[in-house]
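Structure file final24.cif (mmCIF, C-alpha atoms and all ligand atoms) is printed below.
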data_my_file
loop_
_atom_site.label_atom_id
_atom_site.label_comp_id
_atom_site.auth_asym_id
_atom_site.auth_seq_id
_atom_site.Cartn_x
_atom_site.Cartn_y
_atom_site.Cartn_z
CA MET X 1 54.32 241.35 189.04
CA PRO X 2 52.11 238.83 187.18
CA ARG X 3 53.76 237.25 184.17
CA ILE X 4 51.22 237.76 181.42
CA THR X 5 52.07 237.97 177.73
CA LEU X 6 49.43 238.88 175.22
CA ILE X 7 49.64 238.03 171.53
CA THR X 8 47.68 240.10 169.12
CA GLY X 9 47.73 240.87 165.40
CA LEU X 10 48.30 244.47 164.37
CA GLN X 11 46.65 244.25 160.94
CA TRP X 12 43.45 242.68 159.58
CA GLY X 13 44.20 239.21 160.92
CA ASP X 14 45.98 236.13 159.58
CA GLU X 15 49.30 237.61 160.66
CA GLY X 16 50.41 234.26 162.10
CA LYS X 17 49.03 234.51 165.65
CA GLY X 18 48.32 230.78 165.73
CA LYS X 19 51.92 229.93 164.91
CA PHE X 20 53.29 232.19 167.64
CA VAL X 21 50.78 231.25 170.33
CA ASP X 22 51.97 227.67 169.75
CA PHE X 23 55.62 228.79 169.65
CA LEU X 24 55.42 230.79 172.90
CA GLY X 25 53.02 228.30 174.49
CA ASP X 26 56.09 226.31 175.44
CA LYS X 27 57.38 229.16 177.60
CA HIS X 28 54.16 229.68 179.59
CA ASP X 29 52.22 227.58 182.10
CA VAL X 30 48.73 228.39 180.83
CA SER X 31 47.28 229.79 177.60
CA ILE X 32 43.95 231.60 177.32
CA ARG X 33 41.98 232.33 174.18
CA PHE X 34 39.92 235.39 175.11
CA ASN X 35 37.67 236.53 172.26
CA GLY X 36 35.92 235.70 169.00
CA GLY X 37 34.37 232.52 167.75
CA ASN X 38 34.76 230.17 164.83
CA ASN X 39 35.03 233.17 162.52
CA ALA X 40 38.72 233.07 163.45
CA GLY X 41 41.09 230.61 161.81
CA HIS X 42 44.52 229.66 163.03
CA THR X 43 47.06 227.29 161.60
CA VAL X 44 49.70 225.58 163.68
CA VAL X 45 52.45 223.60 161.98
CA ALA X 46 54.64 221.41 164.16
CA LYS X 47 56.41 218.06 163.87
CA GLY X 48 55.08 217.46 160.38
CA GLN X 49 51.48 218.10 161.40
CA THR X 50 49.32 220.97 160.19
CA LEU X 51 46.43 221.83 162.44
CA HIS X 52 43.63 224.24 161.49
CA MET X 53 41.65 225.47 164.47
CA SER X 54 39.06 228.14 165.04
CA VAL X 55 37.81 227.95 168.63
CA MET X 56 40.38 225.75 170.33
CA PRO X 57 43.27 227.67 171.96
CA SER X 58 46.22 227.57 169.54
CA ALA X 59 48.74 226.42 172.18
CA VAL X 60 46.87 223.16 172.75
CA LEU X 61 49.65 221.01 171.24
CA ARG X 62 51.91 222.04 174.14
CA GLN X 63 49.81 219.77 176.41
CA LYS X 64 49.46 222.39 179.09
CA LEU X 65 46.33 223.97 180.52
CA ALA X 66 44.53 225.75 177.63
CA LEU X 67 41.57 227.90 178.57
CA ILE X 68 38.64 229.50 176.77
CA ALA X 69 37.59 232.73 178.48
CA GLN X 70 34.06 234.06 178.85
CA ALA X 71 34.13 236.46 175.88
CA VAL X 72 34.66 233.66 173.37
CA VAL X 73 31.42 232.59 171.68
CA ILE X 74 31.26 228.86 171.15
CA ASN X 75 29.68 226.93 168.32
CA PRO X 76 29.63 223.60 170.19
CA GLN X 77 29.54 221.52 167.03
CA ILE X 78 32.80 223.10 165.86
CA LEU X 79 34.50 222.98 169.25
CA ILE X 80 33.62 219.30 169.71
CA LYS X 81 35.05 218.59 166.25
CA GLU X 82 38.28 220.34 167.22
CA ILE X 83 38.43 218.46 170.54
CA LYS X 84 38.17 215.17 168.59
CA LEU X 85 40.82 216.32 166.12
CA VAL X 86 43.29 217.23 168.84
CA LYS X 87 42.66 214.00 170.74
CA SER X 88 43.11 211.98 167.55
CA LEU X 89 46.67 213.33 167.38
CA GLY X 90 47.39 211.73 170.74
CA VAL X 91 47.50 215.10 172.49
CA LYS X 92 46.72 215.04 176.20
CA LEU X 93 44.01 217.68 176.23
CA GLN X 94 43.79 219.95 179.28
CA LEU X 95 40.97 222.24 178.25
CA GLY X 96 38.93 224.60 180.44
CA ILE X 97 35.82 226.41 179.22
CA ASP X 98 34.30 229.30 181.15
CA PRO X 99 30.57 228.53 181.72
CA ARG X 100 29.80 232.21 180.97
CA CYS X 101 30.77 231.74 177.29
CA HIS X 102 27.84 232.33 174.97
CA VAL X 103 26.69 229.69 172.53
CA VAL X 104 26.34 230.28 168.79
CA MET X 105 22.89 228.87 167.99
CA PRO X 106 21.56 227.69 164.60
CA TYR X 107 19.23 230.71 164.43
CA HIS X 108 22.25 233.03 164.74
CA GLN X 109 23.66 231.47 161.58
CA LEU X 110 20.31 231.68 159.86
CA LEU X 111 19.91 235.36 160.78
CA ASP X 112 23.43 236.04 159.54
CA SER X 113 22.90 234.49 156.12
CA SER X 114 19.38 235.95 155.79
CA SER X 115 20.53 239.47 156.61
CA GLU X 116 23.41 239.28 154.10
CA VAL X 117 20.91 238.28 151.40
CA ALA X 118 18.65 241.19 152.38
CA LYS X 119 21.53 243.71 152.31
CA GLY X 120 22.27 242.89 148.68
CA LYS X 121 25.19 244.94 147.37
CA ALA X 122 25.74 246.62 150.73
CA LYS X 123 26.66 243.32 152.39
CA THR X 124 29.63 243.37 154.79
CA GLY X 125 31.15 240.09 153.62
CA SER X 126 30.19 238.24 156.79
CA LEU X 127 31.19 234.56 156.90
CA LYS X 128 27.56 233.79 157.86
CA LEU X 129 28.62 231.89 160.93
CA GLY X 130 26.29 233.80 163.22
CA ILE X 131 29.02 235.24 165.40
CA GLY X 132 27.79 238.85 165.26
CA PHE X 133 24.23 237.76 166.01
CA CYS X 134 25.41 235.72 168.98
CA TYR X 135 27.20 238.78 170.40
CA GLU X 136 24.06 240.82 169.70
CA ASP X 137 22.00 238.46 171.89
CA ARG X 138 24.71 238.51 174.54
CA THR X 139 24.49 242.30 174.69
CA ASN X 140 20.69 242.29 174.61
CA ARG X 141 20.47 239.73 177.44
CA ALA X 142 18.86 237.16 175.16
CA GLY X 143 21.85 234.83 174.85
CA ILE X 144 22.31 231.16 175.69
CA ARG X 145 25.41 230.45 177.76
CA VAL X 146 27.42 227.25 177.97
CA GLN X 147 26.11 226.71 181.51
CA ASP X 148 22.55 226.76 180.12
CA LEU X 149 23.35 223.65 178.07
CA MET X 150 23.61 221.71 181.34
CA SER X 151 19.90 221.91 182.21
CA ARG X 152 16.92 220.89 180.08
CA LYS X 153 14.58 223.10 182.08
CA ILE X 154 16.70 226.24 181.74
CA LEU X 155 17.62 225.72 178.09
CA GLU X 156 14.00 225.03 177.13
CA GLU X 157 12.82 228.13 178.99
CA LYS X 158 15.43 230.34 177.33
CA LEU X 159 14.83 228.94 173.86
CA LYS X 160 11.07 229.42 174.21
CA ALA X 161 11.61 233.03 175.26
CA VAL X 162 13.45 233.93 172.03
CA TRP X 163 12.16 231.45 169.47
CA THR X 164 9.15 233.31 168.05
CA LEU X 165 11.10 236.54 167.75
CA LYS X 166 13.90 234.84 165.84
CA LYS X 167 11.44 233.09 163.56
CA LYS X 168 9.55 236.29 162.82
CA ARG X 169 12.74 238.20 162.15
CA VAL X 170 13.94 235.66 159.60
CA GLU X 171 10.55 235.22 157.94
CA LYS X 172 9.06 238.71 158.10
CA THR X 173 12.05 241.05 158.15
CA TYR X 174 14.41 239.17 155.88
CA ASP X 175 11.81 237.27 153.92
CA GLN X 176 13.64 233.96 154.27
CA GLU X 177 12.64 230.49 155.45
CA PHE X 178 12.99 229.36 159.07
CA PRO X 179 13.35 225.57 158.90
CA LEU X 180 14.39 225.02 162.55
CA SER X 181 12.49 223.00 165.15
CA LEU X 182 12.73 224.01 168.81
CA THR X 183 12.59 220.43 170.09
CA LYS X 184 15.33 219.28 167.76
CA VAL X 185 17.58 222.21 168.68
CA LEU X 186 16.89 221.66 172.38
CA ASN X 187 17.87 217.99 172.26
CA GLU X 188 20.88 218.57 170.05
CA TYR X 189 22.29 221.32 172.27
CA LEU X 190 21.68 219.34 175.47
CA LYS X 191 23.77 216.60 173.91
CA TYR X 192 26.56 219.09 173.20
CA GLY X 193 26.26 220.21 176.81
CA ARG X 194 26.87 216.66 178.02
CA THR X 195 29.98 216.39 175.84
CA LEU X 196 31.39 219.72 177.03
CA LYS X 197 30.56 219.25 180.72
CA PRO X 198 33.90 217.71 181.75
CA TYR X 199 35.71 220.83 180.50
CA ILE X 200 33.63 223.45 182.31
CA MET X 201 35.79 225.54 184.61
CA ASP X 202 35.62 229.02 186.11
CA VAL X 203 38.41 230.45 183.96
CA ALA X 204 38.09 233.95 185.44
CA SER X 205 38.58 232.75 189.03
CA TYR X 206 41.31 230.29 188.09
CA THR X 207 43.31 233.02 186.38
CA ILE X 208 42.99 235.50 189.25
CA ASP X 209 43.90 232.85 191.80
CA HIS X 210 47.04 231.77 189.92
CA LEU X 211 48.44 235.11 188.75
CA LYS X 212 51.23 235.01 191.30
CA THR X 213 52.31 231.44 190.74
CA GLN X 214 51.85 230.78 187.02
CA SER X 215 52.69 232.48 183.73
CA PHE X 216 49.90 233.12 181.23
CA LEU X 217 49.82 233.54 177.48
CA LEU X 218 46.76 235.40 176.17
CA GLU X 219 45.58 234.82 172.63
CA SER X 220 43.51 237.33 170.72
CA ALA X 221 41.56 235.67 167.93
CA GLN X 222 41.52 238.65 165.59
CA GLY X 223 43.71 241.45 164.37
CA PHE X 224 43.55 244.99 165.71
CA TYR X 225 41.73 246.40 162.66
CA LEU X 226 38.77 244.09 163.23
CA ASP X 227 38.03 245.80 166.55
CA PHE X 228 34.43 247.02 166.39
CA VAL X 229 35.35 250.49 167.57
CA PHE X 230 38.96 251.18 166.64
CA GLY X 231 39.11 248.96 163.56
CA SER X 232 37.85 249.83 160.10
CA TYR X 233 34.18 249.93 161.07
CA PRO X 234 31.81 248.61 159.75
CA TYR X 235 34.11 245.99 158.18
CA THR X 236 34.84 244.64 161.61
CA VAL X 237 33.83 241.90 164.04
CA ALA X 238 31.19 242.45 166.71
CA TYR X 239 33.50 242.93 169.71
CA HIS X 240 36.78 244.45 170.85
CA THR X 241 40.04 242.99 169.67
CA VAL X 242 42.21 245.77 171.11
CA ALA X 243 44.74 244.32 173.59
CA SER X 244 43.32 245.91 176.75
CA SER X 245 39.97 244.18 176.17
CA ALA X 246 41.63 240.96 177.34
CA LEU X 247 41.20 242.10 180.96
CA PRO X 248 37.39 242.23 181.10
CA ASP X 249 37.17 239.50 178.47
CA ILE X 250 38.85 237.09 180.87
CA GLY X 251 37.73 238.73 184.10
CA LEU X 252 40.93 240.37 185.34
CA PRO X 253 41.46 243.63 187.19
CA PRO X 254 43.52 246.40 185.52
CA MET X 255 47.14 245.31 185.28
CA GLU X 256 50.15 245.59 183.06
CA LEU X 257 50.53 243.12 180.21
CA LYS X 258 53.48 242.39 178.00
CA VAL X 259 52.09 242.87 174.50
CA MET X 260 53.63 241.11 171.53
CA GLY X 261 52.16 242.41 168.30
CA ILE X 262 52.31 240.29 165.16
CA VAL X 263 52.93 242.05 161.87
CA LYS X 264 52.91 240.30 158.54
CA ALA X 265 55.72 241.58 156.27
CA TYR X 266 52.99 242.68 153.83
CA THR X 267 49.25 243.30 154.27
CA THR X 268 46.25 241.07 153.67
CA ARG X 269 42.56 241.59 154.13
CA VAL X 270 39.60 239.22 153.84
CA GLY X 271 36.30 240.61 152.60
CA ASN X 272 35.27 244.14 151.74
CA GLY X 273 36.49 247.51 152.98
CA PRO X 274 39.18 250.07 152.16
CA PHE X 275 42.76 248.87 151.56
CA PRO X 276 45.02 251.72 150.38
CA THR X 277 48.12 249.58 149.67
CA GLU X 278 46.27 246.78 147.85
CA LEU X 279 47.99 245.29 144.80
CA ASN X 280 45.71 244.07 142.06
CA ASN X 281 48.59 242.83 139.96
CA PHE X 282 51.23 240.08 139.73
CA ARG X 283 52.91 241.32 142.93
CA GLY X 284 49.69 240.82 144.91
CA GLN X 285 49.32 237.43 143.23
CA HIS X 286 52.92 236.59 144.21
CA MET X 287 51.99 237.21 147.88
CA ARG X 288 48.75 235.22 147.56
CA ASP X 289 50.47 232.24 145.93
CA LEU X 290 53.62 232.07 148.01
CA GLY X 291 51.88 233.04 151.25
CA HIS X 292 48.89 230.71 150.63
CA GLU X 293 46.64 233.68 151.30
CA TYR X 294 43.32 231.89 151.25
CA GLY X 295 41.03 232.02 154.31
CA THR X 296 41.44 229.15 156.80
CA VAL X 297 37.69 229.18 157.52
CA SER X 298 36.23 230.47 154.27
CA GLY X 299 38.80 229.44 151.64
CA ARG X 300 38.30 232.90 150.12
CA PRO X 301 41.34 234.44 148.43
CA ARG X 302 42.73 237.15 150.70
CA ARG X 303 43.36 240.59 149.22
CA CYS X 304 47.10 241.34 149.31
CA GLY X 305 49.23 244.49 149.27
CA TRP X 306 52.33 246.25 150.59
CA LEU X 307 52.98 246.73 154.29
CA ASP X 308 51.26 249.86 155.58
CA LEU X 309 53.22 251.24 158.53
CA THR X 310 50.67 253.95 159.25
CA MET X 311 48.25 251.18 160.25
CA ILE X 312 50.81 249.58 162.54
CA GLU X 313 51.66 252.90 164.19
CA LEU X 314 48.06 253.46 165.25
CA ALA X 315 47.62 249.84 166.29
CA ASN X 316 50.79 250.10 168.40
CA LYS X 317 49.54 253.20 170.18
CA LEU X 318 46.31 251.57 171.24
CA SER X 319 47.77 248.13 171.91
CA GLY X 320 50.75 249.31 173.95
CA THR X 321 52.94 246.99 171.90
CA ASN X 322 56.19 246.09 173.71
CA GLN X 323 57.67 243.84 171.04
CA ILE X 324 56.92 242.99 167.45
CA ILE X 325 57.04 239.64 165.68
CA LEU X 326 57.46 240.03 161.92
CA THR X 327 56.04 237.10 159.97
CA LYS X 328 56.06 235.70 156.43
CA LEU X 329 59.26 237.42 155.36
CA ASP X 330 59.98 234.38 153.19
CA VAL X 331 56.97 235.24 151.02
CA LEU X 332 58.62 238.44 149.79
CA SER X 333 61.62 236.56 148.32
CA GLY X 334 61.74 236.99 144.57
CA LEU X 335 60.18 240.45 144.34
CA LYS X 336 62.56 242.91 142.65
CA GLN X 337 61.41 245.84 144.75
CA ILE X 338 59.54 246.00 148.02
CA LYS X 339 57.49 248.99 149.06
CA VAL X 340 56.33 250.15 152.45
CA ALA X 341 53.72 252.84 153.00
CA THR X 342 54.90 255.44 155.51
CA LYS X 343 52.13 257.96 154.96
CA ILE X 344 48.62 257.89 153.57
CA LYS X 345 47.74 261.14 151.81
CA LYS X 346 44.31 262.76 152.15
CA THR X 347 43.21 261.17 148.90
CA CYS X 348 43.94 257.74 150.45
CA ARG X 349 46.97 257.43 148.17
CA PRO X 350 49.91 255.85 149.99
CA GLN X 351 53.35 257.41 150.01
CA TYR X 352 55.93 254.64 149.66
CA GLN X 353 59.51 254.02 150.71
CA VAL X 354 61.07 251.66 148.15
CA PHE X 355 63.55 248.91 149.01
CA PRO X 356 65.57 246.52 146.85
CA GLY X 357 64.25 242.97 147.12
CA TRP X 358 66.15 239.70 147.57
CA SER X 359 65.91 236.41 145.75
CA ASP X 360 67.27 233.99 148.36
CA ASP X 361 65.02 231.33 149.87
CA LEU X 362 64.76 232.21 153.58
CA THR X 363 62.87 229.17 154.78
CA SER X 364 65.82 227.21 156.16
CA ILE X 365 67.79 230.14 157.58
CA LYS X 366 68.21 229.76 161.33
CA SER X 367 70.05 232.90 162.42
CA TYR X 368 69.39 236.58 161.90
CA ALA X 369 72.94 237.21 160.74
CA LYS X 370 72.48 234.79 157.82
CA LEU X 371 69.51 236.66 156.32
CA PRO X 372 70.34 238.50 153.07
CA PRO X 373 71.46 242.11 153.69
CA ALA X 374 68.49 243.50 151.71
CA CYS X 375 66.14 241.56 153.97
CA LYS X 376 67.82 242.78 157.16
CA ASN X 377 67.65 246.29 155.76
CA TYR X 378 63.88 245.91 155.31
CA VAL X 379 63.41 244.49 158.83
CA GLU X 380 65.51 247.19 160.45
CA PHE X 381 63.76 249.99 158.59
CA ILE X 382 60.45 248.72 159.98
CA GLU X 383 61.87 248.46 163.50
CA ASN X 384 63.39 251.95 163.42
CA HIS X 385 60.36 253.55 161.84
CA LEU X 386 57.99 252.06 164.42
CA GLY X 387 60.34 252.53 167.36
CA VAL X 388 59.33 249.14 168.77
CA PRO X 389 61.85 246.28 168.97
CA ILE X 390 61.36 243.28 166.69
CA ARG X 391 61.78 240.16 168.83
CA TYR X 392 61.34 237.40 166.25
CA VAL X 393 61.18 237.14 162.49
CA SER X 394 59.33 234.25 160.90
CA VAL X 395 60.44 232.58 157.68
CA GLY X 396 57.96 229.73 157.30
CA PRO X 397 54.84 228.21 158.87
CA ASP X 398 56.65 225.61 160.98
CA ARG X 399 57.42 226.20 164.64
CA THR X 400 61.10 225.79 163.87
CA GLN X 401 61.14 228.42 161.11
CA THR X 402 61.47 231.16 163.67
CA ILE X 403 64.49 233.42 164.06
CA SER X 404 65.25 235.28 167.26
CA LYS X 405 66.42 238.78 166.40
CA PRO X 406 69.51 239.85 168.33
CA ASN X 407 69.04 242.54 170.89
CA THR X 408 69.59 245.53 168.59
CA LYS X 409 67.66 248.36 170.17
CA ARG X 410 65.75 246.72 172.97
P1 LIG X 501 46.24 233.91 162.42
O1 LIG X 501 44.81 234.13 162.05
O2 LIG X 501 46.95 235.18 162.77
O3 LIG X 501 46.42 232.85 163.46
O4 LIG X 501 46.98 233.38 161.11
P2 LIG X 501 46.51 232.18 160.15
O5 LIG X 501 47.00 230.91 160.73
O6 LIG X 501 45.07 232.31 159.81
O7 LIG X 501 47.28 232.56 158.80
C1 LIG X 501 48.65 232.58 158.72
C2 LIG X 501 49.11 231.51 157.72
O8 LIG X 501 50.47 231.72 157.44
C3 LIG X 501 49.01 230.11 158.26
O9 LIG X 501 48.74 229.24 157.20
C4 LIG X 501 50.40 229.86 158.84
O10 LIG X 501 50.75 228.50 158.85
C5 LIG X 501 51.25 230.62 157.87
N1 LIG X 501 52.47 231.23 158.41
C6 LIG X 501 52.70 231.75 159.64
N2 LIG X 501 53.93 232.29 159.69
C7 LIG X 501 54.48 232.12 158.47
C8 LIG X 501 55.74 232.49 157.88
O11 LIG X 501 56.59 233.12 158.48
N3 LIG X 501 55.91 232.15 156.55
C9 LIG X 501 54.99 231.48 155.83
N4 LIG X 501 55.26 231.19 154.56
N5 LIG X 501 53.82 231.11 156.36
C10 LIG X 501 53.56 231.44 157.66
MG MG X 502 43.49 233.48 160.62
#
Please re-express this file's structure in structure tokens.
Amino acid sequence: MPRITLITGLQWGDEGKGKFVDFLGDKHDVSIRFNGGNNAGHTVVAKGQTLHMSVMPSAVLRQKLALIAQAVVINPQILIKEIKLVKSLGVKLQLGIDPRCHVVMPYHQLLDSSSEVAKGKAKTGSLKLGIGFCYEDRTNRAGIRVQDLMSRKILEEKLKAVWTLKKKRVEKTYDQEFPLSLTKVLNEYLKYGRTLKPYIMDVASYTIDHLKTQSFLLESAQGFYLDFVFGSYPYTVAYHTVASSALPDIGLPPMELKVMGIVKAYTTRVGNGPFPTELNNFRGQHMRDLGHEYGTVSGRPRRCGWLDLTMIELANKLSGTNQIILTKLDVLSGLKQIKVATKIKKTCRPQYQVFPGWSDDLTSIKSYAKLPPACKNYVEFIENHLGVPIRYVSVGPDRTQTISKPNTKR
């Protein structure tokens, strides 16, 4: 049976996927980032270095083959910046980019910002990075793919085919300015193409051909609730984030995956949309301050609240979660009481189970047994309630601040 482990977040993102893709990257031969674009933000902390990345696979520090699958949309400017950053750390980069990946173009960003202005109060809180518009073109067969950046003739032809439409949409529909020049964009993106050329690789074929001989770690860029169908639509991204989407997103036939779902010990959400367990008080501020809950890409303060187990239950059902990783437990230290929502009533009011808190600093604890009893009680309640084993608990951003949970009910 192929050895494939998939890491996904079971909330609204920022659960700590980056940390665990890096952590588990050591135990796998190859890692593959399979969706999203630079709207994602991952932080990896290892050996005194903190690395913020958005398109680069998070396991890149492990100096093994790190792949970008076809369903990732690439802003080449950002990816090239991240390539330089990683190389500047002395990392031996083994990167492969599927030529089918679509390219985020400057007019996608322009359309994104223009449409948010036009929506006024009804805006979705988009980061204005053009990711949704890039996926729109991909679906409508009007996209530019990484392989198109390799040929002046093809890129020019494709740009000419869409240019007037994009310009009219920005100017006439959204009533905004369109300051782009086709020639400038053409030359700039051909240059990016030359820089990315050495990394082009048929990721889909490579993966299929090596399933029997290598182990793979799949990285979802976003949390389950950002899935554009099963998430909290319309406050979602423009594509699937549900675990099973990894198969077509890479180019794999149906097969079984080991799914590790990441759950933050509380809940955060960036941007607008419903959030039944949100705390607009000092407890929410405690989480924001101690958990540094500010967007990696946007810098926006993240909305914070209690853990909502009803969300995780649904996410588990659709993700086929085999094991859970519970992160940021250290952030809850110092709260007198900790609440967990186990039911959401019809009025959207959560029903809570209340637990005593703990005051101990968890960040240098290395074994599960040494965690304060109140903390273990909280962890085990979550595990029992969900009926899915917790494999690791995380007590700090560093790779080493990871505790393996003994085999309780696995
Ligand atoms: P991702 O989007 O799921 O990859 O998560 P992000 O990297 O965007 O956000 C998680 C943040 O929490 C990052 O700054 C991590 O370094 C940090 N982090 C991860 N795990 C822990 C943990 O257990 N405790 C604390 N305090 N921080 C953590
Ligand atoms: Mg993030």
When the cut-off is 6 Å and you count all atoms listed in the file, which residues lie near ligand LIG 501 (chain X), shown as a compact mmCIF listing (two decimals) with C-alpha atoms, in the frame of the given file?
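Once everything was written out, this is result08.txt:
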# COMPACT_ATOMS: atom_id res chain seq x y z
CA GLY X 13 44.20 239.21 160.92
CA ASP X 14 45.98 236.13 159.58
CA GLU X 15 49.30 237.61 160.66
CA GLY X 16 50.41 234.26 162.10
CA LYS X 17 49.03 234.51 165.65
CA GLY X 18 48.32 230.78 165.73
CA LYS X 19 51.92 229.93 164.91
CA GLY X 41 41.09 230.61 161.81
CA HIS X 42 44.52 229.66 163.03
CA THR X 43 47.06 227.29 161.60
CA VAL X 44 49.70 225.58 163.68
CA GLY X 291 51.88 233.04 151.25
CA THR X 296 41.44 229.15 156.80
CA THR X 327 56.04 237.10 159.97
CA LYS X 328 56.06 235.70 156.43
CA LEU X 329 59.26 237.42 155.36
CA ASP X 330 59.98 234.38 153.19
CA VAL X 331 56.97 235.24 151.02
CA SER X 394 59.33 234.25 160.90
CA VAL X 395 60.44 232.58 157.68
CA GLY X 396 57.96 229.73 157.30
CA PRO X 397 54.84 228.21 158.87
Which chain X residues have any atom within 12 Å of an atom of ligand MG 502 (chain X), and for each, what is the nearest pair of atoms with distance in Å to one decimal, counting only C-alpha atoms and all ligand atoms, rows sorted by chain and number, as CSV?
residue,atom,partner,partner_atom,distance
X:Thr8,CA,X:MG502,MG,11.6
X:Gly9,CA,X:MG502,MG,9.8
X:Gln11,CA,X:MG502,MG,11.2
X:Trp12,CA,X:MG502,MG,9.3
X:Gly13,CA,X:MG502,MG,5.8
X:Asp14,CA,X:MG502,MG,3.8
X:Glu15,CA,X:MG502,MG,7.1
X:Gly16,CA,X:MG502,MG,7.1
X:Lys17,CA,X:MG502,MG,7.6
X:Gly18,CA,X:MG502,MG,7.5
X:Lys19,CA,X:MG502,MG,10.1
X:Gly36,CA,X:MG502,MG,11.5
X:Gly37,CA,X:MG502,MG,11.6
X:Asn38,CA,X:MG502,MG,10.2
X:Asn39,CA,X:MG502,MG,8.7
X:Ala40,CA,X:MG502,MG,5.6
X:Gly41,CA,X:MG502,MG,3.9
X:His42,CA,X:MG502,MG,4.6
X:Thr43,CA,X:MG502,MG,7.2
X:Val44,CA,X:MG502,MG,10.5
X:His52,CA,X:MG502,MG,9.3
X:Met53,CA,X:MG502,MG,9.1
X:Ser54,CA,X:MG502,MG,8.2
X:Val55,CA,X:MG502,MG,11.3
X:Ser58,CA,X:MG502,MG,11.0
X:Ser220,CA,X:MG502,MG,10.8
X:Ala221,CA,X:MG502,MG,7.9
X:Gln222,CA,X:MG502,MG,7.4
X:Gly223,CA,X:MG502,MG,8.8
X:Leu226,CA,X:MG502,MG,11.9
X:Lys264,CA,X:MG502,MG,11.8
X:Thr268,CA,X:MG502,MG,10.7
X:Arg269,CA,X:MG502,MG,10.4
X:Val270,CA,X:MG502,MG,9.7
X:His292,CA,X:MG502,MG,11.7
X:Glu293,CA,X:MG502,MG,9.8
X:Tyr294,CA,X:MG502,MG,9.5
X:Gly295,CA,X:MG502,MG,6.9
X:Thr296,CA,X:MG502,MG,6.1
X:Val297,CA,X:MG502,MG,7.9
X:Ser298,CA,X:MG502,MG,10.1
X:Gly299,CA,X:MG502,MG,10.9
X:Arg300,CA,X:MG502,MG,11.7
X:Arg302,CA,X:MG502,MG,10.6
Problem - For X:His108: contacts at 6 Å, all atoms listed in the file, fewer than 3 positions along chain excluded, given as an MDAnalysis selection string - result: chainID X and resid 105 111 130 133:134
Problem - Closest of X:Phe34, X:Tyr174, X:Tyr233, X:Tyr192 to X:Pro248 - atom-to-atom distances counting all atoms listed in the file - result: X:Phe34
Handout entry: For X:Val117, the nearest of the candidates X:Thr173, X:Thr139, X:Thr164, X:Ser151, counting all atoms listed in the file
Key =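 The shortest atom-to-atom distance to X:Val117 comes from X:Thr173.
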Exercise for the section: Write out as an MDAnalysis selection string which residues come within 7 Å of X:Leu10 when counting all atoms listed in the file, dropping same-chain ones fewer than 2 positions away. Expected result: chainID X and resid 8 223:224 261:263 312 315
Handout entry: Given all atoms listed in the file as the counted atoms, nearest of X:Glu188, X:Asp289, X:Asp398, X:Asp98 to X:Ala204
Key =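 Using all atoms listed in the file, X:Ala204 sits closest to X:Asp98.
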Problem - Selection near X:Gln77, 9 Å with all atoms listed in the file, sequence-local residues under 4 positions removed, as a list in words - result: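 The filter keeps Lys81, Glu82, Tyr189 and Tyr192 of chain X.
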Problem - Separation of atom CA of X:Pro234 from atom CA of X:Leu252 in Å - result: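 Straight-line distance from atom CA of X:Leu252 to atom CA of X:Pro234 works out to 28.4 Å.
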Exercise for the section: Considering only C-alpha atoms, return as a ChimeraX atom specification whatever protein or nucleic-acid residues lie within 8 Å of stretch 335-349 of chain X, sequence-local ones (same chain, fewer than 4 positions apart) excluded. Expected result: /X:276-277,283,306-310,353-359
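One finds atom CA of X:Lys166 at 11.2 Å from atom CA of X:Gln109.
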